[in-house]
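Colleague: Here you go, one structure.
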Amino acid sequence: MREYLLQILESGGELTVETILIRMAVSAVVAAFIFLSYRLSHAGSIYSRKFNVSLAALAMITTTVMIVIGNNIALSLGMVGALSIVRFRTAIKDSRDTIYIFWAIVVGICCGAGDYMVAGVGSAFVFLVLLVFGRIRNDARVLLILRCARVDEQKMEALIFQYYSRRATLRSKNTTPETVEFIYELSGKYIKRAESAAGRSITDAVYDTGKVDYFNIVMQSDDISG
């Protein structure tokens, strides 16, 4: 019985060169779709060409590993143990990058196992979903940071309310005997809208109100490089 089990573990199915080439070719084709999808759904400084190439390479590398694992049960058990010690600590710039990493791995698994239909149909659906929704961005948040004299405190609060009403949320108010600092948060789309309605920029209005030490407009984004 022991000899029989060892024979099963050490045995591997016969793989021809043609089968290996077909699996790698299909993996390369689907990896090209992943590359194209990532390029279309990312724009500006958030796009990383190196990361995109890595995704395509990851799909083909996973295919190669799956071909080896699927051909030898004993080797597959050892491979699982070896890969379990790997730790990936690369910072993810965009939450969508995680989707592409899993997509590349799944494509490699499917192609390595010979399930071309699953890899093709699944990738087609993922491609369409990311193509339609991939350019969606969270609305950028804006911080208004200003410091003025304490005597102009009420005038400054009235000015911010006049421009943005209740859309500007006061996040911080720091005071000294002579000065006061405000930090307001609001949606970025209201900046230009309020300035168009008022007929002048918020910057000009702030500096005309009184003695202002500084006035900063800081854009926030959910993308690290955005």
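Every chain in the structure tokens has a letter given in the order shown (A, B, ...), and although residue numbers restart at 1 in each chain, ligands are simply numbered from 1 in the order shown.
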Might you pull out every residue within 10 Å of segment 25-36 of chain A, with only C-alpha atoms counted and same-chain residues fewer than 5 positions away left off, and present them as a ChimeraX atom specification?
Modeller: /A:19-20,41,49,51-64,100-101,103-104,107-112,114,116,119-120,123-124,126-127,131
Colleague: Residues within 9 Å of segment 142-144 of chain A, please, as number ranges by chain. Count only C-alpha atoms; anything in the same chain fewer than 4 positions from it doesn't count.
Modeller: A: 168, 182-188, 191, 215-221
Colleague: Go ahead and save the residues from that selection, with all heavy atoms, as a short mmCIF file (atom, residue, chain, number, x, y, z; two decimals), in the first residue's frame.
Modeller:
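The resulting file, part-v8.cif, is shown below:
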```cif
data_model
loop_
_atom_site.label_atom_id
_atom_site.label_comp_id
_atom_site.auth_asym_id
_atom_site.auth_seq_id
_atom_site.Cartn_x
_atom_site.Cartn_y
_atom_site.Cartn_z
N ALA A 168 -19.22 73.36 3.84
CA ALA A 168 -17.88 73.42 4.41
C ALA A 168 -17.95 73.03 5.89
O ALA A 168 -18.61 73.70 6.68
CB ALA A 168 -17.28 74.81 4.25
N PHE A 182 -8.22 78.31 10.98
CA PHE A 182 -9.36 77.48 10.62
C PHE A 182 -8.92 76.40 9.63
O PHE A 182 -8.09 76.65 8.75
CB PHE A 182 -10.47 78.31 9.96
CG PHE A 182 -11.04 79.39 10.83
CD1 PHE A 182 -10.59 80.69 10.74
CD2 PHE A 182 -12.05 79.09 11.74
CE1 PHE A 182 -11.11 81.69 11.53
CE2 PHE A 182 -12.58 80.09 12.54
CZ PHE A 182 -12.12 81.40 12.44
N ILE A 183 -9.50 75.23 9.77
CA ILE A 183 -9.34 74.16 8.78
C ILE A 183 -10.74 73.66 8.42
O ILE A 183 -11.43 73.04 9.24
CB ILE A 183 -8.48 73.00 9.31
CG1 ILE A 183 -7.08 73.49 9.67
CG2 ILE A 183 -8.40 71.89 8.26
CD1 ILE A 183 -6.17 72.40 10.20
N TYR A 184 -11.15 73.96 7.20
CA TYR A 184 -12.45 73.54 6.70
C TYR A 184 -12.26 72.42 5.68
O TYR A 184 -11.28 72.39 4.93
CB TYR A 184 -13.20 74.70 6.02
CG TYR A 184 -13.76 75.73 6.97
CD1 TYR A 184 -13.02 76.87 7.29
CD2 TYR A 184 -15.02 75.59 7.53
CE1 TYR A 184 -13.52 77.83 8.15
CE2 TYR A 184 -15.53 76.56 8.39
CZ TYR A 184 -14.79 77.67 8.69
OH TYR A 184 -15.29 78.62 9.54
N GLU A 185 -13.24 71.52 5.63
CA GLU A 185 -13.24 70.44 4.65
C GLU A 185 -14.53 70.50 3.83
O GLU A 185 -15.61 70.67 4.40
CB GLU A 185 -13.12 69.07 5.32
CG GLU A 185 -13.06 67.91 4.32
CD GLU A 185 -13.02 66.56 5.01
OE1 GLU A 185 -13.42 66.50 6.20
OE2 GLU A 185 -12.61 65.58 4.38
N LEU A 186 -14.40 70.35 2.52
CA LEU A 186 -15.57 70.32 1.65
C LEU A 186 -15.23 69.58 0.38
O LEU A 186 -14.07 69.27 0.09
CB LEU A 186 -16.05 71.73 1.32
CG LEU A 186 -15.20 72.58 0.38
CD1 LEU A 186 -16.07 73.63 -0.28
CD2 LEU A 186 -14.07 73.27 1.14
N SER A 187 -16.23 69.30 -0.40
CA SER A 187 -16.05 68.60 -1.67
C SER A 187 -15.42 69.53 -2.70
O SER A 187 -15.73 70.72 -2.76
CB SER A 187 -17.39 68.08 -2.19
OG SER A 187 -17.25 67.47 -3.45
N GLY A 188 -14.51 68.97 -3.50
CA GLY A 188 -13.79 69.79 -4.48
C GLY A 188 -14.68 70.42 -5.53
O GLY A 188 -14.35 71.48 -6.09
N ILE A 191 -15.81 74.19 -5.02
CA ILE A 191 -14.87 75.30 -5.06
C ILE A 191 -15.18 76.23 -6.23
O ILE A 191 -15.47 77.42 -6.07
CB ILE A 191 -13.43 74.80 -5.14
CG1 ILE A 191 -13.03 74.09 -3.84
CG2 ILE A 191 -12.47 75.95 -5.41
CD1 ILE A 191 -12.89 75.00 -2.67
N PHE A 215 -3.34 81.50 3.50
CA PHE A 215 -4.56 80.81 3.09
C PHE A 215 -4.16 79.72 2.11
O PHE A 215 -3.66 80.01 1.02
CB PHE A 215 -5.56 81.78 2.45
CG PHE A 215 -6.79 81.10 1.93
CD1 PHE A 215 -7.58 80.33 2.77
CD2 PHE A 215 -7.16 81.23 0.60
CE1 PHE A 215 -8.73 79.70 2.28
CE2 PHE A 215 -8.29 80.61 0.11
CZ PHE A 215 -9.08 79.85 0.95
N ASN A 216 -4.36 78.46 2.49
CA ASN A 216 -3.96 77.32 1.66
C ASN A 216 -5.17 76.49 1.28
O ASN A 216 -6.08 76.27 2.09
CB ASN A 216 -2.96 76.43 2.41
CG ASN A 216 -1.69 77.18 2.78
OD1 ASN A 216 -1.21 78.01 2.02
ND2 ASN A 216 -1.17 76.89 3.97
N ILE A 217 -5.17 76.02 0.03
CA ILE A 217 -6.19 75.09 -0.46
C ILE A 217 -5.47 73.78 -0.77
O ILE A 217 -4.64 73.71 -1.68
CB ILE A 217 -6.90 75.62 -1.71
CG1 ILE A 217 -7.60 76.95 -1.40
CG2 ILE A 217 -7.92 74.61 -2.23
CD1 ILE A 217 -8.29 77.58 -2.61
N VAL A 218 -5.79 72.73 -0.02
CA VAL A 218 -5.11 71.45 -0.13
C VAL A 218 -6.08 70.42 -0.68
O VAL A 218 -7.16 70.20 -0.11
CB VAL A 218 -4.56 70.98 1.23
CG1 VAL A 218 -3.82 69.65 1.08
CG2 VAL A 218 -3.64 72.03 1.82
N MET A 219 -5.70 69.81 -1.81
CA MET A 219 -6.53 68.77 -2.42
C MET A 219 -6.19 67.42 -1.81
O MET A 219 -5.03 67.05 -1.69
CB MET A 219 -6.30 68.72 -3.93
CG MET A 219 -6.59 70.04 -4.66
SD MET A 219 -8.34 70.49 -4.58
CE MET A 219 -9.06 69.16 -5.54
N GLN A 220 -7.24 66.68 -1.42
CA GLN A 220 -7.05 65.33 -0.91
C GLN A 220 -7.59 64.33 -1.91
O GLN A 220 -8.54 64.60 -2.63
CB GLN A 220 -7.79 65.15 0.42
CG GLN A 220 -7.19 65.95 1.56
CD GLN A 220 -7.92 65.65 2.86
OE1 GLN A 220 -9.14 65.63 2.91
NE2 GLN A 220 -7.15 65.41 3.91
N SER A 221 -6.96 63.16 -1.94
CA SER A 221 -7.39 62.13 -2.87
C SER A 221 -7.18 60.79 -2.22
O SER A 221 -6.34 60.61 -1.33
CB SER A 221 -6.60 62.19 -4.19
OG SER A 221 -6.94 61.12 -5.04
#
```
Colleague: Would you mind telling me which residue in A:Tyr47, A:Met66, A:Tyr207, A:Met117 lies nearest to Arg96 of chain A when using only C-alpha atoms?
Modeller: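 Checking each candidate against Arg96 of chain A, we get A:Tyr47 as the closest.
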Colleague: Would you mind reading off the distance between atom CA of Lys155 of chain A and atom CA of Val180 of chain A, one decimal, in Å?
Modeller: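 Computed distance, atom CA of Lys155 of chain A to atom CA of Val180 of chain A, equals 12.0 Å.
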Colleague: Would you list the contacts of segment 198-205 of chain A as a PyMOL selection string, taking every protein, DNA or RNA residue within 12 Å and counting only C-alpha atoms, but skipping same-chain residues closer than 6 positions in sequence?
Modeller: chain A and resi 144-146+155-156+158-164+190-192+211-212+214-217
Colleague: Mind listing the alpha helix (DSSP H) residues of segment 37-219 of chain A, per DSSP on the backbone, as a VMD selection string?
Modeller: chain A and resid 37 to 41 49 to 70 73 to 83 95 to 113 116 to 133 153 to 164 189 to 198 202 to 209
Colleague: Quick one: distance from atom CA of Gly210 of chain A to atom CA of Cys148 of chain A in Å, one decimal?
Modeller: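 Interatomic distance here is 7.4 Å.
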Colleague: Closest to Pro177 of chain A among A:Ser196, A:Lys189, A:Ala149, A:Ser165, using only C-alpha atoms?
Modeller: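 Distance minimum relative to Pro177 of chain A lands on A:Ala149.
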Colleague: Have a look at A:Ile99, A:Ala113, A:Leu40, A:Leu21 and name the one nearest to Val65 of chain A; count only C-alpha atoms.
Modeller: A:Ala113
